[in-house]
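Next up, start-v1.csv (CSV, C-alpha atoms):
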```
chain,number,residue,atom,x,y,z
A,368,MET,CA,-25.7,36.9,-6.0
A,369,THR,CA,-25.7,39.1,-9.1
A,370,SER,CA,-22.4,40.8,-9.9
A,371,ALA,CA,-22.5,43.2,-12.9
A,372,PRO,CA,-21.9,46.9,-12.9
A,373,THR,CA,-25.1,48.7,-12.0
A,374,SER,CA,-24.8,51.1,-15.0
A,375,ARG,CA,-24.5,48.1,-17.3
A,376,THR,CA,-27.9,46.7,-16.2
A,377,ARG,CA,-29.8,50.0,-16.1
A,378,GLN,CA,-28.8,51.2,-19.5
A,379,ARG,CA,-29.8,49.4,-22.7
A,380,ILE,CA,-26.9,47.5,-24.1
A,381,ARG,CA,-26.3,47.0,-27.8
A,382,VAL,CA,-25.9,43.4,-29.0
A,383,ARG,CA,-24.7,42.9,-32.6
A,384,SER,CA,-24.3,39.5,-34.4
A,385,LYS,CA,-22.8,39.5,-37.9
A,386,ARG,CA,-21.5,36.9,-40.2
A,387,ASP,CA,-17.8,36.2,-39.9
A,388,THR,CA,-15.1,33.8,-41.1
A,389,ALA,CA,-14.0,32.4,-37.8
A,390,GLY,CA,-11.1,30.1,-37.6
A,391,ASP,CA,-10.8,27.2,-35.2
A,392,LEU,CA,-13.2,28.2,-32.4
A,393,LEU,CA,-11.0,27.0,-29.4
A,394,GLY,CA,-8.0,28.6,-31.0
A,395,LEU,CA,-9.7,32.0,-30.8
A,396,LEU,CA,-9.9,32.1,-27.0
A,397,PRO,CA,-7.4,34.8,-26.0
A,398,ALA,CA,-6.5,34.1,-22.4
A,399,PRO,CA,-5.3,31.1,-20.4
A,400,GLU,CA,-8.1,31.6,-17.8
A,401,HIS,CA,-11.8,32.5,-17.9
A,402,ALA,CA,-12.5,30.5,-21.0
A,403,LEU,CA,-16.1,30.0,-22.1
A,404,ALA,CA,-16.8,27.2,-24.5
A,405,TRP,CA,-19.3,24.7,-25.8
A,406,VAL,CA,-17.8,23.0,-28.9
A,407,ARG,CA,-18.4,19.6,-30.6
A,408,ASP,CA,-16.5,18.5,-33.7
A,409,GLY,CA,-15.5,22.0,-34.5
A,410,SER,CA,-19.0,23.6,-34.1
A,411,GLY,CA,-20.5,25.5,-31.2
A,412,LEU,CA,-19.7,28.6,-29.3
A,413,VAL,CA,-16.8,30.2,-27.5
A,414,GLY,CA,-16.7,33.5,-25.6
A,415,TRP,CA,-14.6,35.8,-23.6
A,416,GLY,CA,-15.0,38.9,-21.4
A,417,GLU,CA,-17.9,39.4,-19.0
A,418,ALA,CA,-20.7,41.7,-19.8
A,419,ALA,CA,-22.8,40.4,-16.9
A,420,ARG,CA,-22.8,37.6,-14.4
A,421,LEU,CA,-25.2,35.8,-12.0
A,422,GLU,CA,-24.3,33.6,-9.2
A,423,VAL,CA,-27.2,31.8,-7.5
A,424,SER,CA,-27.8,28.8,-5.2
A,425,GLY,CA,-30.5,26.8,-3.5
A,426,PRO,CA,-33.5,24.8,-4.7
A,427,ASP,CA,-34.9,27.7,-6.8
A,428,ARG,CA,-31.7,28.3,-8.6
A,429,PHE,CA,-33.1,27.4,-12.1
A,430,ALA,CA,-36.1,29.7,-11.6
A,431,GLN,CA,-33.9,32.6,-10.4
A,432,ALA,CA,-31.5,32.1,-13.3
A,433,ASP,CA,-34.4,32.0,-15.8
A,434,LYS,CA,-36.0,35.2,-14.4
A,435,TRP,CA,-32.6,37.0,-14.4
A,436,TRP,CA,-31.9,36.0,-17.9
A,437,ARG,CA,-35.3,37.1,-19.3
A,438,GLU,CA,-35.0,40.5,-17.5
A,439,PHE,CA,-31.4,40.9,-18.8
A,440,VAL,CA,-32.5,40.2,-22.4
A,441,SER,CA,-35.4,42.7,-22.2
A,442,GLN,CA,-32.8,45.4,-21.6
A,443,LEU,CA,-30.9,44.8,-24.9
A,444,ASP,CA,-31.0,46.4,-28.3
A,445,VAL,CA,-30.3,43.5,-30.6
A,446,ASP,CA,-29.1,43.6,-34.2
A,447,ASP,CA,-28.8,40.0,-35.4
A,448,GLU,CA,-28.0,39.3,-39.1
A,449,LEU,CA,-28.5,35.5,-38.6
A,450,GLY,CA,-31.4,34.8,-36.3
A,451,VAL,CA,-30.2,31.2,-35.6
A,452,PRO,CA,-29.9,29.4,-32.2
A,453,GLY,CA,-26.8,30.8,-30.6
A,454,SER,CA,-26.7,34.2,-32.4
A,455,GLY,CA,-27.8,37.3,-30.6
A,456,PRO,CA,-27.4,37.5,-26.8
A,457,VAL,CA,-26.0,34.3,-25.2
A,458,ALA,CA,-25.3,33.3,-21.6
A,459,PHE,CA,-23.0,30.4,-20.7
A,460,VAL,CA,-24.6,28.3,-18.0
A,461,SER,CA,-23.2,26.0,-15.3
A,462,MET,CA,-25.6,24.8,-12.6
A,463,ALA,CA,-24.8,23.2,-9.3
A,464,PHE,CA,-25.7,19.5,-9.0
A,465,ALA,CA,-27.4,19.8,-5.6
A,466,ASP,CA,-29.8,22.3,-4.0
A,467,GLU,CA,-27.2,22.6,-1.2
A,468,PRO,CA,-24.2,23.1,-1.2
A,469,GLY,CA,-23.0,24.5,-4.5
A,470,ASP,CA,-23.2,27.7,-6.5
A,471,SER,CA,-24.6,28.1,-10.0
A,472,VAL,CA,-23.4,30.7,-12.5
A,473,LEU,CA,-24.6,32.4,-15.7
A,474,ILE,CA,-22.0,34.4,-17.6
A,475,VAL,CA,-22.8,36.7,-20.5
A,476,PRO,CA,-19.6,37.2,-22.5
A,477,GLU,CA,-18.6,40.5,-24.2
A,478,VAL,CA,-17.7,38.5,-27.3
A,479,VAL,CA,-19.2,35.2,-28.7
A,480,VAL,CA,-18.0,33.5,-31.8
A,481,GLY,CA,-20.2,30.7,-33.2
A,482,ARG,CA,-20.4,28.1,-35.9
A,483,ARG,CA,-23.5,26.1,-36.8
A,484,ASN,CA,-24.5,24.3,-40.0
A,485,GLY,CA,-21.8,25.9,-42.0
A,486,GLU,CA,-22.6,29.5,-40.8
A,487,GLN,CA,-20.1,31.4,-38.7
A,488,TRP,CA,-20.7,34.6,-36.8
A,489,VAL,CA,-19.4,36.9,-34.1
A,490,THR,CA,-21.5,38.6,-31.5
A,491,THR,CA,-20.4,41.6,-29.5
A,492,ILE,CA,-22.2,42.8,-26.4
A,493,GLY,CA,-21.5,46.4,-25.6
A,494,ALA,CA,-18.5,48.2,-27.0
A,495,SER,CA,-16.3,45.1,-27.2
A,496,ASP,CA,-13.2,44.2,-29.3
A,497,PRO,CA,-13.9,41.0,-31.2
A,498,ASN,CA,-10.2,40.6,-32.2
A,499,PRO,CA,-8.1,40.6,-29.0
A,500,LEU,CA,-4.5,39.5,-29.0
A,501,VAL,CA,-4.3,35.7,-28.3
A,502,ALA,CA,-1.8,34.8,-25.6
A,503,PRO,CA,0.6,31.9,-26.4
A,504,LEU,CA,-0.7,28.5,-25.2
A,505,SER,CA,1.2,27.0,-22.3
A,506,ARG,CA,1.3,23.5,-20.8
A,507,PRO,CA,2.4,22.1,-17.5
A,508,THR,CA,5.8,20.3,-17.3
A,509,THR,CA,4.7,18.1,-14.4
A,510,VAL,CA,1.4,16.8,-13.1
A,511,ARG,CA,1.1,14.9,-9.8
A,512,TYR,CA,-2.0,13.6,-8.2
A,513,ALA,CA,-3.4,13.6,-4.6
A,514,ASN,CA,-6.5,12.3,-2.9
A,515,GLY,CA,-9.6,14.4,-3.1
A,516,GLN,CA,-12.4,14.7,-0.6
A,517,LEU,CA,-13.5,11.1,-1.4
A,518,PRO,CA,-10.5,8.9,-2.3
A,519,VAL,CA,-10.7,5.5,-4.0
A,520,THR,CA,-10.7,3.4,-0.8
A,521,GLN,CA,-13.5,5.3,0.7
A,522,TYR,CA,-15.3,5.4,-2.7
A,523,ARG,CA,-15.2,1.6,-2.8
A,524,GLU,CA,-16.8,1.4,0.7
A,525,ALA,CA,-19.5,3.9,-0.3
A,526,VAL,CA,-20.3,1.7,-3.3
A,527,ARG,CA,-20.5,-1.3,-1.1
A,528,SER,CA,-22.9,0.5,1.3
A,529,ALA,CA,-25.1,1.7,-1.6
A,530,VAL,CA,-25.3,-1.8,-3.1
A,531,ALA,CA,-26.4,-3.2,0.3
A,532,ARG,CA,-29.1,-0.5,0.6
A,533,MET,CA,-30.4,-1.4,-2.9
A,534,ARG,CA,-30.4,-5.1,-2.2
A,535,ALA,CA,-32.5,-4.3,0.9
A,536,GLY,CA,-35.0,-2.7,-1.4
A,537,GLU,CA,-34.5,0.9,-0.2
A,538,LEU,CA,-34.0,2.2,-3.8
A,539,ASP,CA,-33.4,1.0,-7.3
A,540,LYS,CA,-30.4,3.0,-8.5
A,541,VAL,CA,-27.9,5.6,-7.3
A,542,VAL,CA,-24.9,7.3,-8.9
A,543,LEU,CA,-21.9,7.8,-6.7
A,544,ALA,CA,-18.8,9.8,-7.6
A,545,HIS,CA,-15.4,10.4,-6.2
A,546,ASP,CA,-12.7,13.0,-6.9
A,547,LEU,CA,-9.0,13.3,-7.5
A,548,VAL,CA,-6.8,16.4,-7.2
A,549,ALA,CA,-4.2,17.2,-9.9
A,550,LEU,CA,-1.3,19.6,-9.0
A,551,THR,CA,0.8,21.2,-11.7
A,552,ASP,CA,4.0,23.1,-11.8
A,553,ARG,CA,2.4,26.2,-13.2
A,554,ARG,CA,-1.0,27.9,-13.6
A,555,LEU,CA,-3.2,25.7,-15.9
A,556,ASP,CA,-4.1,27.1,-19.3
A,557,GLN,CA,-7.7,26.2,-19.7
A,558,ARG,CA,-7.3,26.4,-23.5
A,559,PHE,CA,-4.6,23.7,-23.4
A,560,VAL,CA,-7.0,21.3,-21.6
A,561,LEU,CA,-9.9,22.2,-23.8
A,562,GLN,CA,-8.0,21.6,-27.0
A,563,GLY,CA,-6.7,18.3,-25.8
A,564,LEU,CA,-10.2,17.1,-24.9
A,565,ALA,CA,-11.7,18.3,-28.2
A,566,ARG,CA,-8.9,16.6,-30.2
A,567,ARG,CA,-9.2,13.2,-28.4
A,568,TYR,CA,-13.0,13.2,-28.0
A,569,PRO,CA,-14.6,15.0,-31.0
A,570,GLU,CA,-17.9,13.1,-30.3
A,571,CYS,CA,-18.2,14.9,-27.0
A,572,TRP,CA,-19.1,18.5,-26.1
A,573,ALA,CA,-15.9,20.2,-24.9
A,574,TYR,CA,-17.0,22.9,-22.4
A,575,ALA,CA,-15.6,25.5,-20.1
A,576,VAL,CA,-17.6,27.8,-17.7
A,577,ASP,CA,-16.1,29.6,-14.8
A,578,GLY,CA,-13.2,27.2,-14.4
A,579,LEU,CA,-15.2,24.0,-14.9
A,580,VAL,CA,-13.6,22.4,-17.9
A,581,GLY,CA,-14.5,19.0,-19.4
A,582,ALA,CA,-15.9,17.0,-22.3
A,583,THR,CA,-19.3,15.4,-21.9
A,584,PRO,CA,-20.8,12.7,-24.1
A,585,GLU,CA,-24.3,13.3,-22.6
A,586,LEU,CA,-26.7,15.9,-23.8
A,587,LEU,CA,-29.3,16.6,-21.1
A,588,LEU,CA,-31.5,18.8,-23.2
A,589,ARG,CA,-31.4,20.8,-26.5
A,590,ARG,CA,-34.3,23.2,-27.3
A,591,THR,CA,-34.7,24.5,-30.8
A,592,GLY,CA,-38.0,26.3,-31.1
A,593,SER,CA,-40.8,23.8,-30.2
A,594,VAL,CA,-38.5,20.7,-30.4
A,595,VAL,CA,-36.6,19.4,-27.4
A,596,ASP,CA,-34.2,16.5,-27.5
A,597,SER,CA,-31.8,14.6,-25.3
A,598,ARG,CA,-29.1,12.0,-25.6
A,599,VAL,CA,-29.2,9.7,-22.6
A,600,LEU,CA,-26.2,7.6,-21.6
A,601,ALA,CA,-26.2,4.9,-18.9
A,602,GLY,CA,-24.6,1.5,-18.9
A,603,THR,CA,-20.8,1.4,-19.4
A,604,THR,CA,-17.9,-0.8,-20.4
A,605,TRP,CA,-14.3,-0.1,-21.2
A,606,PRO,CA,-11.5,-1.7,-23.2
A,607,HIS,CA,-10.2,-5.1,-22.1
A,608,ASP,CA,-7.1,-6.9,-23.4
A,609,GLY,CA,-7.9,-9.5,-26.0
A,610,VAL,CA,-11.6,-8.3,-26.4
A,611,SER,CA,-12.6,-6.6,-29.7
A,612,ASP,CA,-14.8,-3.5,-29.8
A,613,GLU,CA,-17.5,-5.6,-31.4
A,614,GLU,CA,-17.4,-8.1,-28.6
A,615,LEU,CA,-17.5,-5.4,-26.0
A,616,ALA,CA,-20.5,-3.8,-27.7
A,617,ALA,CA,-22.3,-7.1,-27.9
A,618,ALA,CA,-21.7,-7.8,-24.2
A,619,LEU,CA,-22.9,-4.3,-23.3
A,620,MET,CA,-26.1,-4.7,-25.3
A,621,SER,CA,-26.8,-8.1,-23.6
A,622,SER,CA,-25.9,-7.1,-20.0
A,623,GLU,CA,-28.9,-7.3,-17.8
A,624,LYS,CA,-27.2,-5.0,-15.2
A,625,ASN,CA,-26.4,-2.3,-17.8
A,626,LEU,CA,-29.7,-2.5,-19.6
A,627,GLU,CA,-31.5,-2.1,-16.2
A,628,GLU,CA,-29.4,1.0,-15.4
A,629,HIS,CA,-30.1,2.4,-18.9
A,630,ASP,CA,-33.8,1.8,-18.6
A,631,TYR,CA,-34.0,3.7,-15.3
A,632,ALA,CA,-32.2,6.7,-16.9
A,633,ILE,CA,-34.6,6.8,-19.9
A,634,THR,CA,-37.7,6.4,-17.8
A,635,SER,CA,-36.7,9.2,-15.4
A,636,LEU,CA,-36.0,11.6,-18.2
A,637,ALA,CA,-39.2,10.7,-20.2
A,638,GLU,CA,-41.5,10.9,-17.2
A,639,THR,CA,-40.2,14.4,-16.1
A,640,LEU,CA,-40.2,15.8,-19.7
A,641,ARG,CA,-43.5,14.3,-20.9
A,642,PRO,CA,-45.8,16.9,-19.2
A,643,TYR,CA,-44.3,19.6,-21.3
A,644,CYS,CA,-44.6,17.7,-24.6
A,645,THR,CA,-47.5,16.8,-27.0
A,646,THR,CA,-45.5,14.0,-28.6
A,647,MET,CA,-42.4,12.1,-27.5
A,648,SER,CA,-40.3,9.3,-29.0
A,649,VAL,CA,-37.4,7.2,-27.8
A,650,GLU,CA,-34.8,5.8,-30.2
A,651,GLY,CA,-32.3,3.2,-28.9
A,652,PRO,CA,-30.4,1.9,-27.2
A,653,SER,CA,-27.3,1.7,-29.3
A,654,VAL,CA,-23.7,1.7,-28.3
A,655,LEU,CA,-21.7,4.9,-28.3
A,656,ARG,CA,-17.9,4.2,-28.5
A,657,LEU,CA,-15.4,6.6,-27.1
A,658,PRO,CA,-11.7,6.1,-26.8
A,659,ASN,CA,-11.9,5.4,-23.0
A,660,VAL,CA,-15.3,3.8,-22.6
A,661,SER,CA,-18.5,2.7,-24.4
A,662,HIS,CA,-22.0,3.6,-23.3
A,663,LEU,CA,-25.5,2.5,-24.0
A,664,SER,CA,-27.1,5.5,-25.7
A,665,SER,CA,-30.7,6.5,-26.5
A,666,ASP,CA,-32.2,9.6,-28.0
A,667,VAL,CA,-35.4,11.2,-26.6
A,668,ILE,CA,-37.2,13.7,-28.9
A,669,GLY,CA,-40.3,15.7,-27.9
A,670,GLU,CA,-42.6,18.5,-29.3
A,671,LEU,CA,-43.3,21.2,-26.7
A,672,GLY,CA,-46.9,22.0,-26.1
A,673,GLU,CA,-46.2,25.5,-24.9
A,674,PRO,CA,-43.1,27.7,-25.1
A,675,THR,CA,-40.9,26.7,-22.1
A,676,SER,CA,-37.4,28.0,-21.7
A,677,LEU,CA,-34.4,25.7,-21.6
A,678,LEU,CA,-33.6,26.6,-18.0
A,679,ARG,CA,-37.1,25.7,-16.8
A,680,LEU,CA,-37.0,22.4,-18.7
A,681,GLY,CA,-33.6,21.8,-17.1
A,682,GLU,CA,-35.1,22.3,-13.7
A,683,ALA,CA,-37.8,19.7,-14.4
A,684,VAL,CA,-35.5,16.9,-15.5
A,685,HIS,CA,-32.4,17.4,-13.3
A,686,PRO,CA,-31.1,15.2,-11.9
A,687,THR,CA,-32.0,12.3,-14.1
A,688,ALA,CA,-31.4,8.8,-13.0
A,689,ALA,CA,-28.2,8.9,-15.2
A,690,VAL,CA,-26.5,11.1,-12.6
A,691,GLY,CA,-28.7,10.9,-9.6
A,692,GLY,CA,-30.7,7.7,-9.3
A,693,THR,CA,-34.2,6.4,-8.8
A,694,PRO,CA,-36.4,7.2,-6.9
A,695,ARG,CA,-34.9,10.7,-7.3
A,696,LEU,CA,-35.3,12.0,-3.8
A,697,ASP,CA,-34.1,8.7,-2.2
A,698,ALA,CA,-31.0,8.7,-4.5
A,699,THR,CA,-30.0,12.3,-3.9
A,700,THR,CA,-30.4,11.8,-0.2
A,701,LEU,CA,-28.1,8.7,-0.3
A,702,ILE,CA,-25.6,10.6,-2.4
A,703,ALA,CA,-25.2,13.2,0.2
A,704,GLN,CA,-24.9,10.6,3.0
A,705,LEU,CA,-22.4,8.3,1.3
A,706,GLU,CA,-20.2,10.7,-0.7
A,707,GLY,CA,-19.8,13.3,2.0
A,708,MET,CA,-18.4,15.8,-0.4
A,709,ASP,CA,-19.5,18.9,-2.3
A,710,ARG,CA,-19.9,17.9,-6.0
A,711,GLY,CA,-20.1,21.6,-6.9
A,712,ARG,CA,-21.2,21.9,-10.5
A,713,TYR,CA,-20.0,18.4,-11.4
A,714,ALA,CA,-22.9,16.4,-12.9
A,715,GLY,CA,-25.0,19.5,-13.1
A,716,PRO,CA,-26.4,21.0,-16.3
A,717,VAL,CA,-23.8,22.9,-18.4
A,718,GLY,CA,-24.0,24.7,-21.7
A,719,TRP,CA,-25.6,27.9,-23.1
A,720,ILE,CA,-28.9,29.6,-23.6
A,721,ASP,CA,-29.8,32.4,-26.1
A,722,GLY,CA,-32.3,35.3,-26.0
A,723,ASN,CA,-35.1,33.1,-27.4
A,724,GLY,CA,-34.8,30.5,-24.7
A,725,ASP,CA,-33.1,28.0,-27.1
A,726,GLY,CA,-29.8,26.4,-26.3
A,727,GLU,CA,-28.1,23.2,-25.2
A,728,LEU,CA,-27.4,21.8,-21.8
A,729,GLY,CA,-25.1,18.9,-21.3
A,730,ILE,CA,-24.3,17.1,-18.1
A,731,ALA,CA,-21.0,18.2,-16.6
A,732,LEU,CA,-19.2,14.9,-16.8
A,733,ARG,CA,-15.5,14.0,-17.5
A,734,CYS,CA,-14.5,17.3,-16.0
A,735,ALA,CA,-12.3,19.2,-13.6
A,736,GLN,CA,-12.7,22.4,-11.6
A,737,ILE,CA,-9.6,24.4,-12.4
A,738,SER,CA,-8.1,27.0,-10.1
A,739,GLY,CA,-4.6,28.3,-10.6
A,740,SER,CA,-2.3,25.2,-10.7
A,741,THR,CA,-4.9,22.9,-9.2
A,742,ALA,CA,-7.5,20.8,-10.9
A,743,ARG,CA,-10.2,18.8,-9.0
A,744,LEU,CA,-11.3,15.8,-11.2
A,745,PHE,CA,-14.5,13.9,-10.8
A,746,ALA,CA,-15.9,10.6,-12.0
A,747,GLY,CA,-19.0,8.7,-11.1
A,748,CYS,CA,-20.7,5.4,-11.8
A,749,GLY,CA,-24.4,4.2,-11.9
A,750,LEU,CA,-25.1,1.5,-9.3
A,751,VAL,CA,-27.8,-1.1,-9.1
A,752,ALA,CA,-28.4,-4.0,-6.8
A,753,ASP,CA,-26.0,-6.4,-8.5
A,754,SER,CA,-23.1,-3.8,-9.0
A,755,ASP,CA,-19.6,-5.0,-8.0
A,756,PRO,CA,-17.6,-2.4,-6.0
A,757,ASP,CA,-14.3,-3.5,-7.5
A,758,ILE,CA,-15.7,-3.2,-11.1
A,759,GLU,CA,-17.2,0.2,-10.3
A,760,VAL,CA,-13.8,1.5,-9.1
A,761,GLN,CA,-12.3,0.3,-12.4
A,762,GLU,CA,-15.1,2.1,-14.3
A,763,ALA,CA,-14.5,5.3,-12.4
A,764,HIS,CA,-10.8,5.0,-13.2
A,765,ALA,CA,-11.6,4.7,-16.9
A,766,LYS,CA,-13.8,7.8,-16.8
A,767,MET,CA,-11.0,9.8,-15.2
A,768,ARG,CA,-8.8,9.1,-18.2
A,769,PRO,CA,-10.0,11.9,-20.5
A,770,MET,CA,-9.1,14.6,-18.0
A,771,ARG,CA,-5.8,13.0,-17.0
A,772,GLU,CA,-4.8,12.7,-20.7
A,773,ALA,CA,-5.7,16.4,-21.3
A,774,LEU,CA,-3.8,17.6,-18.3
A,775,GLU,CA,-0.7,15.6,-19.2
A,776,GLY,CA,-0.9,16.5,-22.9
A,777,LEU,CA,-1.2,13.0,-24.2
```
Would you mind writing the file out in structure tokens?
Amino acid sequence: MTSAPTSRTRQRIRVRSKRDTAGDLLGLLPAPEHALAWVRDGSGLVGWGEAARLEVSGPDRFAQADKWWREFVSQLDVDDELGVPGSGPVAFVSMAFADEPGDSVLIVPEVVVGRRNGEQWVTTIGASDPNPLVAPLSRPTTVRYANGQLPVTQYREAVRSAVARMRAGELDKVVLAHDLVALTDRRLDQRFVLQGLARRYPECWAYAVDGLVGATPELLLRRTGSVVDSRVLAGTTWPHDGVSDEELAAALMSSEKNLEEHDYAITSLAETLRPYCTTMSVEGPSVLRLPNVSHLSSDVIGELGEPTSLLRLGEAVHPTAAVGGTPRLDATTLIAQLEGMDRGRYAGPVGWIDGNGDGELGIALRCAQISGSTARLFAGCGLVADSDPDIEVQEAHAKMRPMREALEGL
């Protein structure tokens, strides 16, 4: 479904990007709701207003989104002083994890403020005010939690069933998730949650698109001209009393279970991306340390043989084994059977794309879908044949921590 005023899509729209002296990006967001953001360590993009919007679902959602975006860009008159990725027209993107159910969304803001490599700019789309009044930040006084569609007890049993299926040789890896509902005493200010995530997890991409708010450590794809790269995370540990960070990292790097899980994720991404590339390299694994968990991390870098938009590349690689499993079809089928819940846009690609087809897509992890005073939190774990259900429950709990801390203002 496309929802934008007919007159806005039939008339040519003026887009202007000019250099600016933006302050703290997340601090510029004017309203408690409808935040648009993709920020890492102070750089990235924020936006507000809605010049155009696309909602789409189904197995061809990436192709529909790509077609709609190219047609929308063709209707624009662009005046861009910078000509860098993220200047000019931009759409914020959040794609559903599954073909069914789930809705995907592209939102073109009326105003985008960006920062990249020391340059700062503001983009206006149409006759938009780039300097709106910023409403005061608000925070909830109380946060209480309730079971989601798949509570912990049922999640443990789903993990147990998946491990039995893998030990029987039906598949190699599957990623199962569960959810948790947070209820607050007032409507949630998305900016409060975003700023808390960005402050605690500067190594992650703090994002917000259509109420999905989170901080992901995993970059699915970045396209910059002919270069495409990805940061793949799979294999996890978390702090234990009496164990140093160095000991945790050494154990993670020598863990056969975690190395196997990581290898599946790297292989699935490389195999699906390789047909589009003339060259490809893999660097890693190394250990990425975050306050709540540590991951095995590898970087994949490729040179595109032909110009291919970020959305079409995203279609090719999603879902990787890092969030789906392997073999892909067997894993996604098992996810639907054992989770029995609608993931929505959790674990789907999230980020932004510009008028040249460049942009960044992360994987929507460490997130919550916020609506009014309710937030639905998600966390998932990669499972292989020797996974322990009790340990996986502990890992999922550790992965919930960033969102719980942000909601509670810790």
* List the neighbours of range 419-431 of chain A out to 10 Å using only C-alpha atoms; skip same-chain residues closer than 3 positions along the sequence, and give me the result as a PyMOL selection string. => chain A and resi 368-373+375-376+416+434-436+439+458-463+465-477+492+677-683
* Asked: So which residues touch Ser754 in chain A within 12 Å, counting all atoms listed in the file, skipping near sequence neighbours fewer than 6 positions away, as a PyMOL selection string?
  -> chain A and resi 523+526-534+539-543+602-603+622-625+627-628+748+760+762
* To do: Return the single residue from A:Glu650, A:Asp755, A:Asp546, A:Asp697 that is closest to Asn514 in chain A, with distances computed using all atoms listed in the file.
  =>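 Ranked by minimum distance to Asn514 in chain A, first place goes to A:Asp546.
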* Asked: So how far away is CA of Thr490 in chain A from CA of Leu586 in chain A, in Å?
  ->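 The value is 24.5 Å.
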List as a tab-separated table every residue of range 530-592 of chain A that is in contact with range 660-671 of chain A, defined as an atom at most 12 Å from one of its atoms (using all atoms listed in the file), together with the nearest atom pair and the distance in Å rounded to one decimal, sorted by chain and then rising number.
```
residue	atom	partner	partner_atom	distance
A:Tyr568	CA	A:Val660	CA	11.1
A:Glu570	CA	A:Ser661	CA	12.0
A:Pro584	CA	A:His662	CA	9.2
A:Glu585	CA	A:Ser664	CA	8.8
A:Leu586	CA	A:Asp666	CA	9.4
A:Leu587	CA	A:Val667	CA	9.8
A:Leu588	CA	A:Val667	CA	9.2
A:Arg589	CA	A:Ile668	CA	9.5
A:Arg590	CA	A:Leu671	CA	9.2
A:Thr591	CA	A:Glu670	CA	10.0
A:Gly592	CA	A:Leu671	CA	8.6
```
* Find the spatial neighbours of Asp556 in chain A, counting all atoms listed in the file, within a cut-off of 7 Å - ignore same-chain residues fewer than 6 positions away - and output them as a list in words. => Pro399, Glu400, Leu504, Ser505 and Arg506 of chain A
* To do: May I ask which of the residues A:Ala494, A:Leu600, A:Leu538, A:Leu395 is the closest one to Thr699 in chain A, counting all atoms listed in the file?
  =>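 Among the listed residues, A:Leu538 lies closest to Thr699 in chain A.
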* Fewer than 3 positions away in the same chain doesn't count, so skip those; otherwise give me all residues within 6 Å of range 402-410 of chain A, counting all atoms listed in the file, as a ChimeraX atom specification. => /A:413-414,482-483,569,571-576
* **Among the residues A:Pro642, A:Gly563, A:Pro606, A:Pro518, the one that comes closest to Leu777 in chain A [using all atoms listed in the file]** =>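 Of A:Pro642, A:Gly563, A:Pro606, A:Pro518, the one nearest Leu777 in chain A is A:Gly563, counting all atoms listed in the file.
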* **Among the residues A:Ala544, A:Leu640, A:Ala763, A:Ala616, the one that comes closest to Thr675 in chain A [using all atoms listed in the file]** => A:Leu640
* Asked: Separation of CA of Glu448 in chain A and CA of Val480 in chain A, in Å?
  ->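 Taking CA of Glu448 in chain A as the start and CA of Val480 in chain A as the end point, the length is 13.7 Å.
By all atoms listed in the file, and with residues fewer than 5 positions from range 497-499 of chain A along its chain excluded, the set lying at most 7 Å from it is Pro397, Val478 and Thr491 of chain A.
For the pair CA of Tyr512 in chain A and CA of Ala731 in chain A, the separation is 21.3 Å.
The shortest atom-to-atom distance to Asp753 in chain A, with all atoms listed in the file taken into account, belongs to A:Ala535 out of A:Ala535, A:Val599, A:Leu579, A:Thr741.
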* Structure fact -> Judged by only C-alpha atoms, the minimum distance to Leu500 in chain A among A:Ala688, A:Ser593, A:Asn723, A:Leu396 is found for A:Leu396
